[in-house]
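Asker: Got a file for you: structure.cif, mmCIF, C-alpha atoms.
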```cif
data_entry
#
loop_
_atom_site.group_PDB
_atom_site.id
_atom_site.type_symbol
_atom_site.label_atom_id
_atom_site.label_comp_id
_atom_site.auth_asym_id
_atom_site.auth_seq_id
_atom_site.Cartn_x
_atom_site.Cartn_y
_atom_site.Cartn_z
ATOM 1 C CA MET C 1 25.086 -11.098 15.681
ATOM 2 C CA THR C 2 23.764 -11.006 12.127
ATOM 3 C CA ARG C 3 26.166 -9.374 9.674
ATOM 4 C CA CYS C 4 25.620 -7.311 6.538
ATOM 5 C CA ASP C 5 25.900 -9.478 3.425
ATOM 6 C CA LYS C 6 27.898 -6.737 1.672
ATOM 7 C CA CYS C 7 30.436 -5.590 4.264
ATOM 8 C CA HIS C 8 30.051 -7.838 7.342
ATOM 9 C CA ARG C 9 29.241 -4.964 9.661
ATOM 10 C CA PRO C 10 26.247 -5.444 12.009
ATOM 11 C CA ALA C 11 23.008 -5.654 10.016
ATOM 12 C CA ILE C 12 19.989 -3.548 10.940
ATOM 13 C CA ILE C 13 17.474 -5.146 8.581
ATOM 14 C CA HIS C 14 16.673 -8.420 6.849
ATOM 15 C CA GLN C 15 14.992 -7.921 3.479
ATOM 16 C CA ARG C 16 12.902 -11.069 3.373
ATOM 17 C CA TYR C 17 11.888 -10.461 -0.252
ATOM 18 C CA SER C 18 15.561 -10.381 -1.355
ATOM 19 C CA GLY C 19 17.131 -12.533 1.358
ATOM 20 C CA MET C 20 19.712 -9.805 2.079
ATOM 21 C CA HIS C 21 20.887 -8.596 5.481
ATOM 22 C CA LEU C 22 22.022 -4.958 5.294
ATOM 23 C CA CYS C 23 23.834 -2.532 7.572
ATOM 24 C CA GLY C 24 22.712 1.086 7.843
ATOM 25 C CA GLU C 25 25.045 2.343 5.118
ATOM 26 C CA HIS C 26 24.062 -0.301 2.587
ATOM 27 C CA LEU C 27 20.371 0.119 3.415
ATOM 28 C CA SER C 28 20.729 3.840 2.641
ATOM 29 C CA GLN C 29 22.451 3.010 -0.640
ATOM 30 C CA ASP C 30 19.662 0.581 -1.524
ATOM 31 C CA VAL C 31 16.953 3.163 -0.790
ATOM 32 C CA HIS C 32 18.802 5.722 -2.943
ATOM 33 C CA ARG C 33 19.129 3.152 -5.747
ATOM 34 C CA LYS C 34 15.404 2.375 -5.747
ATOM 35 C CA ILE C 35 14.467 6.044 -5.826
ATOM 36 C CA ARG C 36 16.925 6.836 -8.625
ATOM 37 C CA GLU C 37 15.497 3.934 -10.623
ATOM 38 C CA SER C 38 11.963 5.243 -10.135
ATOM 39 C CA LEU C 39 13.051 8.720 -11.238
ATOM 40 C CA ARG C 40 14.768 7.355 -14.365
ATOM 41 C CA ARG C 41 11.655 5.440 -15.340
ATOM 42 C CA THR C 42 9.610 8.630 -15.426
ATOM 43 C CA GLY C 43 11.778 10.130 -18.181
ATOM 44 C CA LEU C 44 11.065 13.588 -16.740
ATOM 45 C CA PHE C 45 14.512 14.738 -15.664
ATOM 46 C CA SER C 46 16.594 14.960 -18.833
ATOM 47 C CA ARG C 47 15.825 18.678 -18.835
ATOM 48 C CA GLY C 48 15.423 21.185 -16.049
ATOM 49 C CA SER C 49 12.117 21.586 -14.282
ATOM 50 C CA CYS C 50 10.390 22.893 -11.194
ATOM 51 C CA MET C 51 9.299 20.182 -8.746
ATOM 52 C CA ALA C 52 6.911 20.422 -5.805
ATOM 53 C CA VAL C 53 7.276 17.877 -2.996
ATOM 54 C CA GLY C 54 4.254 17.044 -0.845
ATOM 55 C CA LEU C 55 5.600 17.263 2.710
ATOM 56 C CA ASP C 56 3.521 16.193 5.718
ATOM 57 C CA GLY C 57 6.266 15.904 8.327
ATOM 58 C CA GLY C 58 6.121 12.098 8.472
ATOM 59 C CA ARG C 59 9.081 9.783 7.977
ATOM 60 C CA GLN C 60 8.248 8.890 4.360
ATOM 61 C CA SER C 61 7.827 12.377 2.933
ATOM 62 C CA ALA C 62 10.885 13.545 4.901
ATOM 63 C CA THR C 63 12.938 10.690 3.429
ATOM 64 C CA LEU C 64 11.717 11.609 -0.053
ATOM 65 C CA ALA C 65 12.533 15.303 0.340
ATOM 66 C CA HIS C 66 15.981 14.517 1.768
ATOM 67 C CA ILE C 67 16.947 12.200 -1.092
ATOM 68 C CA LEU C 68 15.528 14.433 -3.836
ATOM 69 C CA LYS C 69 17.467 17.366 -2.402
ATOM 70 C CA SER C 70 20.683 15.317 -2.401
ATOM 71 C CA ILE C 71 20.139 14.015 -5.949
ATOM 72 C CA PHE C 72 19.374 17.387 -7.542
ATOM 73 C CA SER C 73 21.440 19.714 -5.337
ATOM 74 C CA ARG C 74 24.065 20.235 -8.065
ATOM 75 C CA ARG C 75 21.612 20.800 -10.883
ATOM 76 C CA ARG C 76 21.067 24.492 -11.423
ATOM 77 C CA ASP C 77 18.249 23.776 -13.848
ATOM 78 C CA MET C 78 16.139 22.111 -11.115
ATOM 79 C CA GLU C 79 14.033 24.013 -8.594
ATOM 80 C CA ILE C 80 12.542 22.082 -5.664
ATOM 81 C CA PHE C 81 10.130 23.374 -3.038
ATOM 82 C CA ALA C 82 7.871 21.770 -0.442
ATOM 83 C CA VAL C 83 4.090 22.061 -0.324
ATOM 84 C CA ILE C 84 2.570 21.628 3.136
ATOM 85 C CA ILE C 85 -1.146 21.243 3.806
ATOM 86 C CA ASP C 86 -2.300 22.065 7.326
ATOM 87 C CA MET C 87 -4.748 19.162 7.664
ATOM 88 C CA GLY C 88 -5.300 19.322 11.413
ATOM 89 C CA GLU C 89 -6.241 15.952 12.916
ATOM 90 C CA ALA C 90 -6.664 14.365 9.463
ATOM 91 C CA GLY C 91 -2.964 14.738 8.708
ATOM 92 C CA CYS C 92 0.000 12.461 9.329
ATOM 93 C CA CYS C 93 1.762 15.062 11.483
ATOM 94 C CA SER C 94 1.252 18.732 12.292
ATOM 95 C CA ALA C 95 2.050 21.542 9.877
ATOM 96 C CA SER C 96 4.673 22.810 12.341
ATOM 97 C CA GLN C 97 6.433 19.432 12.181
ATOM 98 C CA ALA C 98 6.376 19.570 8.383
ATOM 99 C CA ARG C 99 7.847 23.081 8.450
ATOM 100 C CA ALA C 100 10.557 21.841 10.819
ATOM 101 C CA VAL C 101 11.519 19.181 8.268
ATOM 102 C CA ALA C 102 11.622 21.784 5.472
ATOM 103 C CA GLU C 103 13.819 24.072 7.588
ATOM 104 C CA ARG C 104 16.152 21.187 8.438
ATOM 105 C CA LEU C 105 16.544 20.455 4.707
ATOM 106 C CA GLU C 106 16.835 24.178 3.832
ATOM 107 C CA MET C 107 13.921 23.768 1.442
ATOM 108 C CA ASP C 108 11.509 26.568 0.550
ATOM 109 C CA CYS C 109 7.942 25.702 1.490
ATOM 110 C CA ARG C 110 4.407 26.884 0.743
ATOM 111 C CA LEU C 111 1.677 26.369 3.354
ATOM 112 C CA LEU C 112 -1.905 25.579 2.326
ATOM 113 C CA ARG C 113 -5.069 25.319 4.408
ATOM 114 C CA TRP C 114 -7.261 22.230 4.486
ATOM 115 C CA PRO C 115 -10.827 23.098 3.338
ATOM 116 C CA ASP C 116 -13.355 23.597 6.139
ATOM 117 C CA CYS C 117 -15.761 20.838 5.165
ATOM 118 C CA ASP C 118 -16.592 17.293 6.215
ATOM 119 C CA ILE C 119 -14.796 14.698 4.090
ATOM 120 C CA ALA C 120 -15.267 10.939 4.445
ATOM 121 C CA CYS C 121 -12.238 8.989 5.713
ATOM 122 C CA ASP C 122 -11.809 7.143 2.409
ATOM 123 C CA SER C 123 -11.824 10.465 0.507
ATOM 124 C CA VAL C 124 -9.211 12.347 2.545
ATOM 125 C CA TYR C 125 -6.275 10.933 0.553
ATOM 126 C CA GLU C 126 -7.893 11.710 -2.801
ATOM 127 C CA ARG C 127 -8.792 15.239 -1.700
ATOM 128 C CA ARG C 128 -5.256 15.872 -0.441
ATOM 129 C CA CYS C 129 -3.810 14.760 -3.783
ATOM 130 C CA GLU C 130 -6.201 17.052 -5.661
ATOM 131 C CA ILE C 131 -5.137 20.023 -3.525
ATOM 132 C CA LEU C 132 -1.439 19.233 -4.006
ATOM 133 C CA LEU C 133 -1.811 18.877 -7.774
ATOM 134 C CA GLN C 134 -3.765 22.115 -8.069
ATOM 135 C CA ALA C 135 -1.290 23.982 -5.872
ATOM 136 C CA ALA C 136 1.705 22.608 -7.785
ATOM 137 C CA ALA C 137 0.177 23.755 -11.078
ATOM 138 C CA GLU C 138 -0.649 27.217 -9.729
ATOM 139 C CA MET C 139 2.898 27.584 -8.406
ATOM 140 C CA GLY C 140 4.430 26.719 -11.775
ATOM 141 C CA ALA C 141 5.721 23.251 -10.915
ATOM 142 C CA GLY C 142 5.862 20.774 -13.776
ATOM 143 C CA ILE C 143 6.262 17.813 -11.406
ATOM 144 C CA LEU C 144 4.616 16.836 -8.121
ATOM 145 C CA ALA C 145 6.418 14.215 -5.999
ATOM 146 C CA THR C 146 4.632 12.561 -3.078
ATOM 147 C CA GLY C 147 5.843 10.064 -0.489
ATOM 148 C CA GLU C 148 3.726 6.948 -1.011
ATOM 149 C CA CYS C 149 5.856 3.883 -0.271
ATOM 150 C CA LEU C 150 5.569 0.318 -1.575
ATOM 151 C CA ASP C 151 3.096 -0.656 1.164
ATOM 152 C CA ASP C 152 0.821 2.272 0.250
ATOM 153 C CA GLU C 153 0.887 1.501 -3.465
ATOM 154 C CA ALA C 154 0.289 -2.225 -2.943
ATOM 155 C CA LEU C 155 -2.714 -1.433 -0.733
ATOM 156 C CA ARG C 156 -4.113 1.037 -3.265
ATOM 157 C CA ILE C 157 -3.802 -1.584 -6.013
ATOM 158 C CA PHE C 158 -5.341 -4.315 -3.856
ATOM 159 C CA VAL C 159 -8.325 -2.150 -2.865
ATOM 160 C CA SER C 160 -8.857 -1.157 -6.512
ATOM 161 C CA TYR C 161 -9.070 -4.848 -7.421
ATOM 162 C CA LEU C 162 -11.526 -5.470 -4.579
ATOM 163 C CA ARG C 163 -13.690 -2.605 -5.845
ATOM 164 C CA GLY C 164 -13.406 -3.737 -9.459
ATOM 165 C CA ASP C 165 -11.904 -0.360 -10.350
ATOM 166 C CA THR C 166 -8.957 -1.544 -12.441
ATOM 167 C CA GLY C 167 -9.543 1.134 -15.067
ATOM 168 C CA ALA C 168 -8.140 3.813 -12.765
ATOM 169 C CA LEU C 169 -5.020 1.710 -12.168
ATOM 170 C CA LEU C 170 -4.307 1.182 -15.850
ATOM 171 C CA ALA C 171 -4.891 4.854 -16.638
ATOM 172 C CA GLY C 172 -1.830 5.749 -14.549
ATOM 173 C CA GLU C 173 -1.186 9.086 -12.827
ATOM 174 C CA SER C 174 1.878 9.641 -14.998
ATOM 175 C CA ARG C 175 -0.316 10.010 -18.082
ATOM 176 C CA GLN C 176 -1.997 13.172 -16.933
ATOM 177 C CA LYS C 177 -0.823 16.302 -18.693
ATOM 178 C CA TYR C 178 0.292 18.798 -16.061
ATOM 179 C CA PRO C 179 1.786 18.629 -13.584
ATOM 180 C CA ALA C 180 3.229 15.115 -13.795
ATOM 181 C CA TRP C 181 2.591 13.191 -10.558
ATOM 182 C CA ILE C 182 5.372 10.843 -9.468
ATOM 183 C CA LYS C 183 5.869 8.569 -6.439
ATOM 184 C CA PRO C 184 9.622 7.931 -6.169
ATOM 185 C CA LEU C 185 9.259 5.859 -2.970
ATOM 186 C CA GLN C 186 6.875 3.357 -4.540
ATOM 187 C CA ARG C 187 9.570 0.625 -4.623
ATOM 188 C CA VAL C 188 10.717 1.274 -1.052
ATOM 189 C CA PRO C 189 8.960 -0.711 1.721
ATOM 190 C CA ARG C 190 7.625 1.399 4.594
ATOM 191 C CA ARG C 191 9.965 -0.244 7.098
ATOM 192 C CA GLU C 192 13.018 0.676 5.006
ATOM 193 C CA ALA C 193 11.868 4.272 4.514
ATOM 194 C CA ARG C 194 11.338 4.604 8.267
ATOM 195 C CA LEU C 195 14.755 3.119 9.094
ATOM 196 C CA TYR C 196 16.378 5.517 6.611
ATOM 197 C CA ALA C 197 14.587 8.453 8.251
ATOM 198 C CA LEU C 198 15.601 7.350 11.744
ATOM 199 C CA GLN C 199 19.244 6.993 10.676
ATOM 200 C CA HIS C 200 19.269 10.537 9.327
ATOM 201 C CA GLY C 201 17.066 12.115 12.008
ATOM 202 C CA LEU C 202 14.281 12.915 9.548
ATOM 203 C CA GLY C 203 10.581 13.430 10.136
ATOM 204 C CA PHE C 204 8.226 12.394 12.905
ATOM 205 C CA ASP C 205 6.070 9.398 13.711
ATOM 206 C CA PRO C 206 2.347 10.061 13.092
ATOM 207 C CA ALA C 207 0.056 10.798 16.001
ATOM 208 C CA ALA C 208 -2.252 8.001 17.128
ATOM 209 C CA GLY C 209 -5.261 7.784 14.821
ATOM 210 C CA ALA C 210 -3.790 10.126 12.211
ATOM 211 C CA GLY C 211 -4.526 9.403 8.575
ATOM 212 C CA ARG C 212 -7.615 7.350 9.377
ATOM 213 C CA ARG C 213 -9.233 5.421 6.531
ATOM 214 C CA GLY C 214 -12.462 3.489 6.175
ATOM 215 C CA ASP C 215 -13.214 -0.124 7.077
ATOM 216 C CA LEU C 216 -12.366 -1.496 3.629
ATOM 217 C CA PHE C 217 -8.858 -0.033 3.706
ATOM 218 C CA ARG C 218 -8.217 -1.200 7.266
ATOM 219 C CA GLU C 219 -9.364 -4.760 6.565
ATOM 220 C CA ALA C 220 -7.508 -4.875 3.240
ATOM 221 C CA ALA C 221 -4.311 -3.581 4.884
ATOM 222 C CA ASP C 222 -4.536 -6.260 7.578
ATOM 223 C CA LEU C 223 -5.154 -9.037 5.058
ATOM 224 C CA LEU C 224 -2.438 -7.869 2.680
ATOM 225 C CA GLY C 225 0.068 -7.407 5.493
ATOM 226 C CA ARG C 226 -0.479 -10.956 6.743
ATOM 227 C CA PHE C 227 -0.136 -12.302 3.202
ATOM 228 C CA GLU C 228 3.128 -10.390 2.693
ATOM 229 C CA GLY C 229 4.360 -11.848 5.976
ATOM 230 C CA ARG C 230 3.731 -15.387 4.744
ATOM 231 C CA HIS C 231 4.762 -14.711 1.135
ATOM 232 C CA PRO C 232 7.498 -12.017 1.000
ATOM 233 C CA GLY C 233 7.468 -10.106 -2.278
ATOM 234 C CA THR C 234 3.665 -9.894 -2.597
ATOM 235 C CA PHE C 235 3.767 -6.086 -2.491
ATOM 236 C CA TYR C 236 6.299 -5.999 -5.334
ATOM 237 C CA SER C 237 4.238 -8.492 -7.363
ATOM 238 C CA LEU C 238 1.150 -6.272 -7.152
ATOM 239 C CA LEU C 239 3.147 -3.236 -8.263
ATOM 240 C CA ARG C 240 4.848 -5.083 -11.137
ATOM 241 C CA GLY C 241 1.497 -6.386 -12.364
ATOM 242 C CA VAL C 242 0.152 -2.857 -12.776
ATOM 243 C CA GLU C 243 3.396 -1.651 -14.372
ATOM 244 C CA LYS C 244 3.186 -4.449 -16.940
ATOM 245 C CA GLY C 245 -0.392 -3.435 -17.705
ATOM 246 C CA LEU C 246 0.670 0.177 -18.228
ATOM 247 C CA ARG C 247 3.425 -0.887 -20.642
ATOM 248 C CA ALA C 248 1.154 -3.212 -22.628
ATOM 249 C CA LYS C 249 -0.252 -2.035 -25.938
ATOM 250 C CA PRO C 250 -3.977 -1.182 -25.901
ATOM 251 C CA LEU C 251 -6.325 -3.831 -27.279
ATOM 252 C CA SER C 252 -7.825 -3.245 -30.705
ATOM 253 C CA VAL C 253 -11.541 -2.569 -30.987
ATOM 254 C CA ASP C 254 -12.114 -6.133 -32.262
ATOM 255 C CA ALA C 255 -10.122 -7.655 -29.401
ATOM 256 C CA LYS C 256 -12.205 -5.755 -26.878
#
```
Can the structure from this file be put into structure tokens for me?

Answerer:
Amino acid sequence: MTRCDKCHRPAIIHQRYSGMHLCGEHLSQDVHRKIRESLRRTGLFSRGSCMAVGLDGGRQSATLAHILKSIFSRRRDMEIFAVIIDMGEAGCCSASQARAVAERLEMDCRLLRWPDCDIACDSVYERRCEILLQAAAEMGAGILATGECLDDEALRIFVSYLRGDTGALLAGESRQKYPAWIKPLQRVPRREARLYALQHGLGFDPAAGAGRRGDLFREAADLLGRFEGRHPGTFYSLLRGVEKGLRAKPLSVDAK
């Protein structure tokens, strides 16, 4: 039996990118650490604020809501509520499942309706984000947190490179004025977020075919997943590359 490298209890995961074997408790601590680090990097929480959490009932958003609630539960200057979009078949899970997660976490929630119009598969994600941002602003939230994990962010970056749309990457969501859009799970691999959720009885697995995307995303996800399998750490490398670009000073007019 493989043992945890930190306490020698039975391990439930091998982090190939770090070489560590972790038990359930130390995996949970590692997920919390990564999310706290992401929150610190935003620089948004030195003062009180109102934060909306995009909740779809899936394992990732449930993990995010659970950890945010635990981190800020003692801060009286922080208000957190869930925003749920009833997306029907286009969603990760049903709105009733999302409400069940909110009730389990004792989190106030606001339910929105998905617009009655045809939207291309590749545009569903973008449209959902627009609705969440608009709703968060209208509800007085200064921050919107959504549950994209490392796999999601690496795929978004990879597809942007394939499309030649690097300008959008280097603009950065965090630079928009209001509300600030953050992705605290962006350093947490999907597998780890799911294991965390299963340990704590959070969220639901998506229905078959839910969250469909176009051919480019499917092919890119397959290619990137196989590359990560052969070269662990590829997802992190893609994310770090964009973060370095965001921290770099803009080129002068002459340099351009």

Asker: Tell me, as a list in words, which residues lie within 9 Å of Leu144 (chain C), counting all atoms listed in the file; anything in the same chain fewer than 4 positions away does not count.

Answerer: Cys50, Met51, Ala52, Val53, Gly54, Leu132, Leu133, Ala136, Ala137, Pro179, Ala180, Trp181, Ile182 and Lys183 of chain C

Asker: Could you tell me which of C:Trp114, C:Phe72, C:Tyr236, C:Phe81 comes closest to Phe158 (chain C) if we count only C-alpha atoms?

Answerer: C:Tyr236

Asker: Could you check the closest approach to Ala193 (chain C) for each of C:Glu138, C:Asp56, C:Asp151, C:Glu130 and tell me which residue wins, using all atoms listed in the file?

Answerer: C:Asp151

Asker: Quick check, in Å to one decimal: how far apart do CA of Ile71 (chain C) and CA of Ser96 (chain C) lie?

Answerer: 25.5 Å

Asker: Give me the result of the PyMOL selection byres ((chain C and resi 104) around 10) on this file, residue by residue, as a list in words.

Answerer: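 When the PyMOL selection byres ((chain C and resi 104) around 10) is applied to the shown file, the picked residues are Ala62, His66, Ala98, Arg99, Ala100, Val101, Ala102, Glu103, Leu105, Glu106, Met107, Gly201, Leu202 and Gly203 of chain C.
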
Asker: Using C-alpha atoms, can you write the selected residues to a file as a PDB file, keeping the file's coordinate frame?

Answerer:
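After the write, again-v1.pdb holds the following:
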```pdb
ATOM      1  CA  ALA C  62      10.885  13.545   4.901  1.00  0.00           C
ATOM      2  CA  HIS C  66      15.981  14.517   1.768  1.00  0.00           C
ATOM      3  CA  ALA C  98       6.376  19.570   8.383  1.00  0.00           C
ATOM      4  CA  ARG C  99       7.847  23.081   8.450  1.00  0.00           C
ATOM      5  CA  ALA C 100      10.557  21.841  10.819  1.00  0.00           C
ATOM      6  CA  VAL C 101      11.519  19.181   8.268  1.00  0.00           C
ATOM      7  CA  ALA C 102      11.622  21.784   5.472  1.00  0.00           C
ATOM      8  CA  GLU C 103      13.819  24.072   7.588  1.00  0.00           C
ATOM      9  CA  LEU C 105      16.544  20.455   4.707  1.00  0.00           C
ATOM     10  CA  GLU C 106      16.835  24.178   3.832  1.00  0.00           C
ATOM     11  CA  MET C 107      13.921  23.768   1.442  1.00  0.00           C
ATOM     12  CA  GLY C 201      17.066  12.115  12.008  1.00  0.00           C
ATOM     13  CA  LEU C 202      14.281  12.915   9.548  1.00  0.00           C
ATOM     14  CA  GLY C 203      10.581  13.430  10.136  1.00  0.00           C
TER      15      GLY C 203
END
```

Asker: Please compute the CA of Ile85 (chain C)-CA of Ala65 (chain C) distance, one decimal, in Å.

Answerer: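 Calculated distance between CA of Ile85 (chain C) and CA of Ala65 (chain C) is 15.3 Å.
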
Asker: So which residues get picked by the PyMOL selection byres ((chain C and resi 215-229) around 9) here, written as an NGL selection string?

Answerer: :C and (16 or 122 or 151 or 154-156 or 158-159 or 162 or 212-214 or 230-235)

Asker: When the PyMOL selection byres ((chain C and resi 192) around 12) is applied to the file above, which residues end up in the set, as a PyMOL selection string?

Answerer: chain C and resi 12-16+22-24+26-32+34+59-60+63+149-151+185-191+193-199

Asker: Could you check the closest approach to Lys69 (chain C) for each of C:Ile131, C:Gly43, C:Asp108, C:Val242 and tell me which residue wins, using all atoms listed in the file?

Answerer: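 So, comparing all the options, the nearest one is C:Asp108.
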